[in-house]
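Written out below as structure tokens is the structure these notes cover.
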Amino acid sequence: MAKKFFFYTEEMTVGYDGRPLIRDIRIELERGEILTLIGPNGAGKSTILKSITRQLKLLGGCVYLDGQQMQQMTGREIARRLAVVLTERIRPELMTCEDVVATGRYPYTGNLGLLGAEDRAKVRAALQTVHAAGLSQRDFNAVSDGQRQRILLARAICQEPELIVLDEPTSFLDVRHKLEFLEILKHMVRERHVAVIMSLHELDLAQKISDQLLCVKGEYIERHGTPEEIFTSDYICGLYDMEAGSYNAAFGCVELPPTKGAPEVFVIAGGGSGIPVYRRLQREGIPFATGVLQENDIDCLAACDLAAEVVKERAFEPVGEEAYALALSKMRQCRRVLCPLQTFGAMNRRNEELRQEARKAGILVSDSEL
Amino acid sequence: MAQQVPAQQEPQTQQKPGQFPEKDGSRRRTLRYGVSFVILSALLAVLFVWNVNSGSVDLTVREIFEILTGRGGDETSVNIIWQIRLPRILAAVILGGALSVSGFLLQTFFHNPIAGPFVLGISSGAKLVVALSMIFLLGRGITASSTVMVLAAFFGSMISMGFVLAVSRKVRQMSMLVICGVMISYICSAVTDFVVTFADDSNIVNLHNWSLGSFSGTTWNNVAVMAAIVFLAVLLTFLLSKPIGAYQLGEDYARNLGVNVRVFRVCLILLSSILSACVTAFAGPVSFVGIAVPHLVKNIWKTSKPILVVPACFLGGAVFCLFCDLIARTVFAPTELSISSVTAIFGAPVVIFIMIRRRKAA
């Protein structure tokens, strides 16, 4: 191997009770990078993380941290380099948040575990890093989920690790706390040059925070790559075996399935004017067709996942005769026509004609009449 | 504990999330720890004197002082104090402390506040093996020595412990584990009663008292053996404070912090078994001390830091048992109550309280 990574695995095989679950996992990670594991529930994301942190025995292969084989390192050596934030809920008795954070100093204290002045300063610094200084004297069991995760991150930080492993750190948090947590994590990765391996359920966040992604499914790692390589609609749908709905790569979000059947409503749209109407029709379970949309139109990107039928034109081309004719015939099969589109220019002049045709036929309705 | 208070311009009632609270309470906490130790030590001293002083033979405080310092008193009084009351008091102190430390270890091990040597059936297992070996030895005309008793009790505790551990692998629910422990306890007690009832040797009459739990009949030889064992075990426990503290966050965090969890768990089991075996060998089963005292201690000290809780548990257990033994001896004098009945009266409500509070929290 030409280049040695800070953290890497060689043909790591993981599983429970000697039964392999996932084979030949290869991870290569530098300091200052975030690797995220995504994949369906029960695929073995936690199993991989637990094997890396030595909570589970490896069933094969090796894990290297900074050139050293982890199986040969002592517990204390690993504790000084690797910290964890786990999913299991802990309910320590009569411990303040500061006490919980202070447990991170364990690998550095003496035989009785008494904290020195330096340890105390580091505990306080860690609390400040996660913006939780004000919580220091609160009972750990009395703080909110979001605060608790931050305290546990502070605990990991004050362990002064080079690698942090987090198992679904943002589950159970609301949007604000999810963002806050990941922002602190990202900041720390940049500032302290820490490597991060974590599992996430939130695809949108995984896409935005990760430098690398590992897709866990089946007996092998299904794919390994950058967010750009992983987050394509087809791949994500396949990874999660999505039968209902779809993943929209352009928006980075998931969509409910479109209402199938012969279109009842035709929507003349473009430039984003159609999306709210599409969503409403989808909510109400009315199958619809829409057009004419250039392939690079934002409405087109959404309509592909939401509409029963879409009449398209090539990107950057004015609406042509062929598309117009198709749209007109589709429109005539619908009982009602909506036209949220208000702006017409050189590229969509024919859509204005569509509207006139609809009006002539008396099927053009306003939004409220639907 | 030195603490730098962060500079803040003006006193605030509303605390800002990003800033450390103006008073971090560390001084108040240190004070609380100190005061709690002083008060409990004072209580221990008071109960010590009270215990020496109470009984069928009335003595003045002055007489007692003279007897204790070896400067006077008639022979009967000297004998009563030195051969009966003092060893008994010391047994209550040492064994009470041992029991509550043993309970604290089991609670740490099972991550549950209602674990203890009595409810998990460990005391009863020890009791059964001690009774069997005493009957066996007495039948051959041998008087069992303190060491043999402790070994037998340790063997019995380990058998019960083995059962409990096997069950705990199968059931994750703590209440189920406790129910299994109570059942084991009943089975062992029933078998013990059975063999004690049908053993006709006159020496075994004492066994009956012992099997109900009592500090009476302790000799100086007993005191020496129990003191040595308990001192060593509690010292080792104290030295384990650091991993115990890490273990309180759960096994996985402890492992990540570098604790060798397997070795550590074995240490917890061995230490708690030795401590509760020692108690059972000398005083029979003593109920609820192992649960009630650690709980009370944690709430008096308002901390679960093992470095404080271990010595505090020992002190608390000593006070609790001394108090209960005083009641057992004096309330219905000359009839003596079994120590277990008295500790149950004070200890069981604490257990009920913990269970109700946990239900609320969950």
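By convention in this document, the chains of the structure tokens carry letters A, B, ... by their order, each chain's residues are numbered from 1, and ligands are numbered from 1 in the order they are shown.
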Taking only C-alpha atoms into account, find every residue of chain A that has an atom no more than 7 Å from chain B, and write it out as a PDB file with N, CA and C atoms, in the first residue's frame.
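Saved the output as iface_12.pdb:
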```
ATOM      1  N   GLN A  55     -15.643  -3.188  21.139  1.00  0.00           N
ATOM      2  CA  GLN A  55     -16.672  -3.751  22.007  1.00  0.00           C
ATOM      3  C   GLN A  55     -17.080  -5.122  21.507  1.00  0.00           C
ATOM      4  N   GLY A  75      -5.888  -1.126  26.593  1.00  0.00           N
ATOM      5  CA  GLY A  75      -7.117  -0.368  26.783  1.00  0.00           C
ATOM      6  C   GLY A  75      -6.841   1.107  27.013  1.00  0.00           C
ATOM      7  N   ARG A  76      -5.798   1.394  27.768  1.00  0.00           N
ATOM      8  CA  ARG A  76      -5.493   2.770  28.106  1.00  0.00           C
ATOM      9  C   ARG A  76      -4.995   3.545  26.880  1.00  0.00           C
ATOM     10  N   ALA A  79      -7.940   4.279  24.839  1.00  0.00           N
ATOM     11  CA  ALA A  79      -8.780   5.282  25.487  1.00  0.00           C
ATOM     12  C   ALA A  79      -8.259   6.691  25.256  1.00  0.00           C
ATOM     13  N   ALA A  83     -12.537   8.011  21.320  1.00  0.00           N
ATOM     14  CA  ALA A  83     -13.650   8.227  22.241  1.00  0.00           C
ATOM     15  C   ALA A  83     -14.946   7.862  21.539  1.00  0.00           C
ATOM     16  N   ILE A  90     -28.002   6.363  28.982  1.00  0.00           N
ATOM     17  CA  ILE A  90     -27.450   6.096  30.305  1.00  0.00           C
ATOM     18  C   ILE A  90     -28.210   6.927  31.325  1.00  0.00           C
ATOM     19  N   PRO A  92     -27.164   7.744  34.842  1.00  0.00           N
ATOM     20  CA  PRO A  92     -26.311   7.681  36.029  1.00  0.00           C
ATOM     21  C   PRO A  92     -27.023   8.327  37.211  1.00  0.00           C
ATOM     22  N   GLU A  93     -26.734   7.771  38.378  1.00  0.00           N
ATOM     23  CA  GLU A  93     -27.397   8.246  39.580  1.00  0.00           C
ATOM     24  C   GLU A  93     -26.648   9.437  40.160  1.00  0.00           C
ATOM     25  N   LEU A  94     -27.362  10.483  40.477  1.00  0.00           N
ATOM     26  CA  LEU A  94     -26.785  11.621  41.197  1.00  0.00           C
ATOM     27  C   LEU A  94     -25.475  12.135  40.590  1.00  0.00           C
ATOM     28  N   MET A  95     -25.451  12.264  39.271  1.00  0.00           N
ATOM     29  CA  MET A  95     -24.253  12.820  38.648  1.00  0.00           C
ATOM     30  C   MET A  95     -24.624  14.118  37.946  1.00  0.00           C
ATOM     31  N   THR A 103     -15.748  12.090  33.447  1.00  0.00           N
ATOM     32  CA  THR A 103     -15.357  10.684  33.277  1.00  0.00           C
ATOM     33  C   THR A 103     -14.456  10.516  32.053  1.00  0.00           C
ATOM     34  N   TYR A 106     -10.705   9.882  32.541  1.00  0.00           N
ATOM     35  CA  TYR A 106     -10.281   8.603  33.119  1.00  0.00           C
ATOM     36  C   TYR A 106      -8.899   8.122  32.670  1.00  0.00           C
ATOM     37  N   PRO A 107      -8.631   8.111  31.347  1.00  0.00           N
ATOM     38  CA  PRO A 107      -7.322   7.565  30.938  1.00  0.00           C
ATOM     39  C   PRO A 107      -6.138   8.416  31.377  1.00  0.00           C
ATOM     40  N   ASN A 111      -4.376   6.410  40.055  1.00  0.00           N
ATOM     41  CA  ASN A 111      -5.041   5.174  40.451  1.00  0.00           C
ATOM     42  C   ASN A 111      -6.387   5.371  41.126  1.00  0.00           C
ATOM     43  N   LEU A 112      -6.567   6.512  41.792  1.00  0.00           N
ATOM     44  CA  LEU A 112      -7.849   6.724  42.447  1.00  0.00           C
ATOM     45  C   LEU A 112      -8.771   7.598  41.606  1.00  0.00           C
ATOM     46  N   GLY A 113      -8.290   8.047  40.466  1.00  0.00           N
ATOM     47  CA  GLY A 113      -9.139   8.809  39.562  1.00  0.00           C
ATOM     48  C   GLY A 113      -9.428  10.225  40.017  1.00  0.00           C
ATOM     49  N   GLN A 128     -17.480  24.179  27.378  1.00  0.00           N
ATOM     50  CA  GLN A 128     -17.639  25.404  26.609  1.00  0.00           C
ATOM     51  C   GLN A 128     -17.700  25.120  25.111  1.00  0.00           C
ATOM     52  N   HIS A 131     -21.056  24.432  24.060  1.00  0.00           N
ATOM     53  CA  HIS A 131     -21.989  25.474  24.529  1.00  0.00           C
ATOM     54  C   HIS A 131     -22.877  24.965  25.649  1.00  0.00           C
ATOM     55  N   ALA A 132     -22.304  24.288  26.617  1.00  0.00           N
ATOM     56  CA  ALA A 132     -23.126  23.738  27.689  1.00  0.00           C
ATOM     57  C   ALA A 132     -22.562  24.102  29.063  1.00  0.00           C
ATOM     58  N   ALA A 133     -21.794  25.201  29.108  1.00  0.00           N
ATOM     59  CA  ALA A 133     -21.194  25.577  30.388  1.00  0.00           C
ATOM     60  C   ALA A 133     -22.260  25.792  31.453  1.00  0.00           C
ATOM     61  N   GLY A 134     -23.379  26.349  31.045  1.00  0.00           N
ATOM     62  CA  GLY A 134     -24.438  26.654  32.008  1.00  0.00           C
ATOM     63  C   GLY A 134     -25.075  25.419  32.608  1.00  0.00           C
ATOM     64  N   LEU A 135     -24.866  24.276  31.967  1.00  0.00           N
ATOM     65  CA  LEU A 135     -25.492  23.052  32.464  1.00  0.00           C
ATOM     66  C   LEU A 135     -24.615  22.328  33.469  1.00  0.00           C
ATOM     67  N   SER A 136     -23.382  22.835  33.679  1.00  0.00           N
ATOM     68  CA  SER A 136     -22.388  22.034  34.395  1.00  0.00           C
ATOM     69  C   SER A 136     -22.884  21.473  35.721  1.00  0.00           C
ATOM     70  N   GLN A 137     -23.691  22.231  36.454  1.00  0.00           N
ATOM     71  CA  GLN A 137     -24.111  21.750  37.768  1.00  0.00           C
ATOM     72  C   GLN A 137     -25.473  21.071  37.769  1.00  0.00           C
TER      73      GLN A 137
END
```
Kindly provide the residues of range 208-271 of chain A that approach range 330-340 of chain A to within 10 Å, each paired with its closest atom pair and their distance in Å to one decimal, based on only C-alpha atoms, listed by chain and increasing number, as JSON lines.
```
{"residue": "A:Ala262", "atom": "CA", "partner": "A:Cys334", "partner_atom": "CA", "distance": 8.6}
{"residue": "A:Pro263", "atom": "CA", "partner": "A:Cys334", "partner_atom": "CA", "distance": 6.3}
{"residue": "A:Glu264", "atom": "CA", "partner": "A:Cys334", "partner_atom": "CA", "distance": 4.9}
{"residue": "A:Val265", "atom": "CA", "partner": "A:Arg336", "partner_atom": "CA", "distance": 5.0}
{"residue": "A:Phe266", "atom": "CA", "partner": "A:Val337", "partner_atom": "CA", "distance": 4.7}
{"residue": "A:Val267", "atom": "CA", "partner": "A:Leu338", "partner_atom": "CA", "distance": 4.8}
{"residue": "A:Ile268", "atom": "CA", "partner": "A:Cys339", "partner_atom": "CA", "distance": 4.7}
{"residue": "A:Ala269", "atom": "CA", "partner": "A:Pro340", "partner_atom": "CA", "distance": 6.0}
{"residue": "A:Gly270", "atom": "CA", "partner": "A:Pro340", "partner_atom": "CA", "distance": 8.5}
```
Please produce a file of those selected residues containing N, CA and C atoms, as an mmCIF file, in the first residue's frame.
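Okay, part35.cif is ready:
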```
data_model
loop_
_atom_site.group_PDB
_atom_site.id
_atom_site.type_symbol
_atom_site.label_atom_id
_atom_site.label_comp_id
_atom_site.auth_asym_id
_atom_site.auth_seq_id
_atom_site.Cartn_x
_atom_site.Cartn_y
_atom_site.Cartn_z
ATOM 1 N N ALA A 262 -55.162 7.630 -14.420
ATOM 2 C CA ALA A 262 -55.316 8.600 -15.499
ATOM 3 C C ALA A 262 -55.377 9.999 -14.891
ATOM 4 N N PRO A 263 -54.597 10.940 -15.460
ATOM 5 C CA PRO A 263 -54.570 12.281 -14.881
ATOM 6 C C PRO A 263 -55.946 12.942 -14.914
ATOM 7 N N GLU A 264 -56.328 13.545 -13.797
ATOM 8 C CA GLU A 264 -57.600 14.263 -13.751
ATOM 9 C C GLU A 264 -57.371 15.751 -13.916
ATOM 10 N N VAL A 265 -56.187 16.185 -13.531
ATOM 11 C CA VAL A 265 -55.879 17.616 -13.559
ATOM 12 C C VAL A 265 -54.616 17.807 -14.380
ATOM 13 N N PHE A 266 -54.598 18.877 -15.178
ATOM 14 C CA PHE A 266 -53.371 19.224 -15.890
ATOM 15 C C PHE A 266 -52.834 20.528 -15.301
ATOM 16 N N VAL A 267 -51.564 20.548 -14.987
ATOM 17 C CA VAL A 267 -50.973 21.746 -14.392
ATOM 18 C C VAL A 267 -49.996 22.365 -15.386
ATOM 19 N N ILE A 268 -50.243 23.611 -15.760
ATOM 20 C CA ILE A 268 -49.287 24.333 -16.605
ATOM 21 C C ILE A 268 -48.350 25.056 -15.652
ATOM 22 N N ALA A 269 -47.085 24.670 -15.661
ATOM 23 C CA ALA A 269 -46.196 25.181 -14.618
ATOM 24 C C ALA A 269 -44.833 25.516 -15.180
ATOM 25 N N GLY A 270 -43.908 25.847 -14.284
ATOM 26 C CA GLY A 270 -42.537 26.161 -14.668
ATOM 27 C C GLY A 270 -41.912 27.110 -13.675
#
```
**Prompt:** Which residues come within 12 Å of Val57 in chain B, counting only C-alpha atoms, excluding same-chain residues fewer than 5 positions away, as a PyMOL selection string?
**Reply:** chain B and resi 52+63-64+76-81+84-85+330+333-334
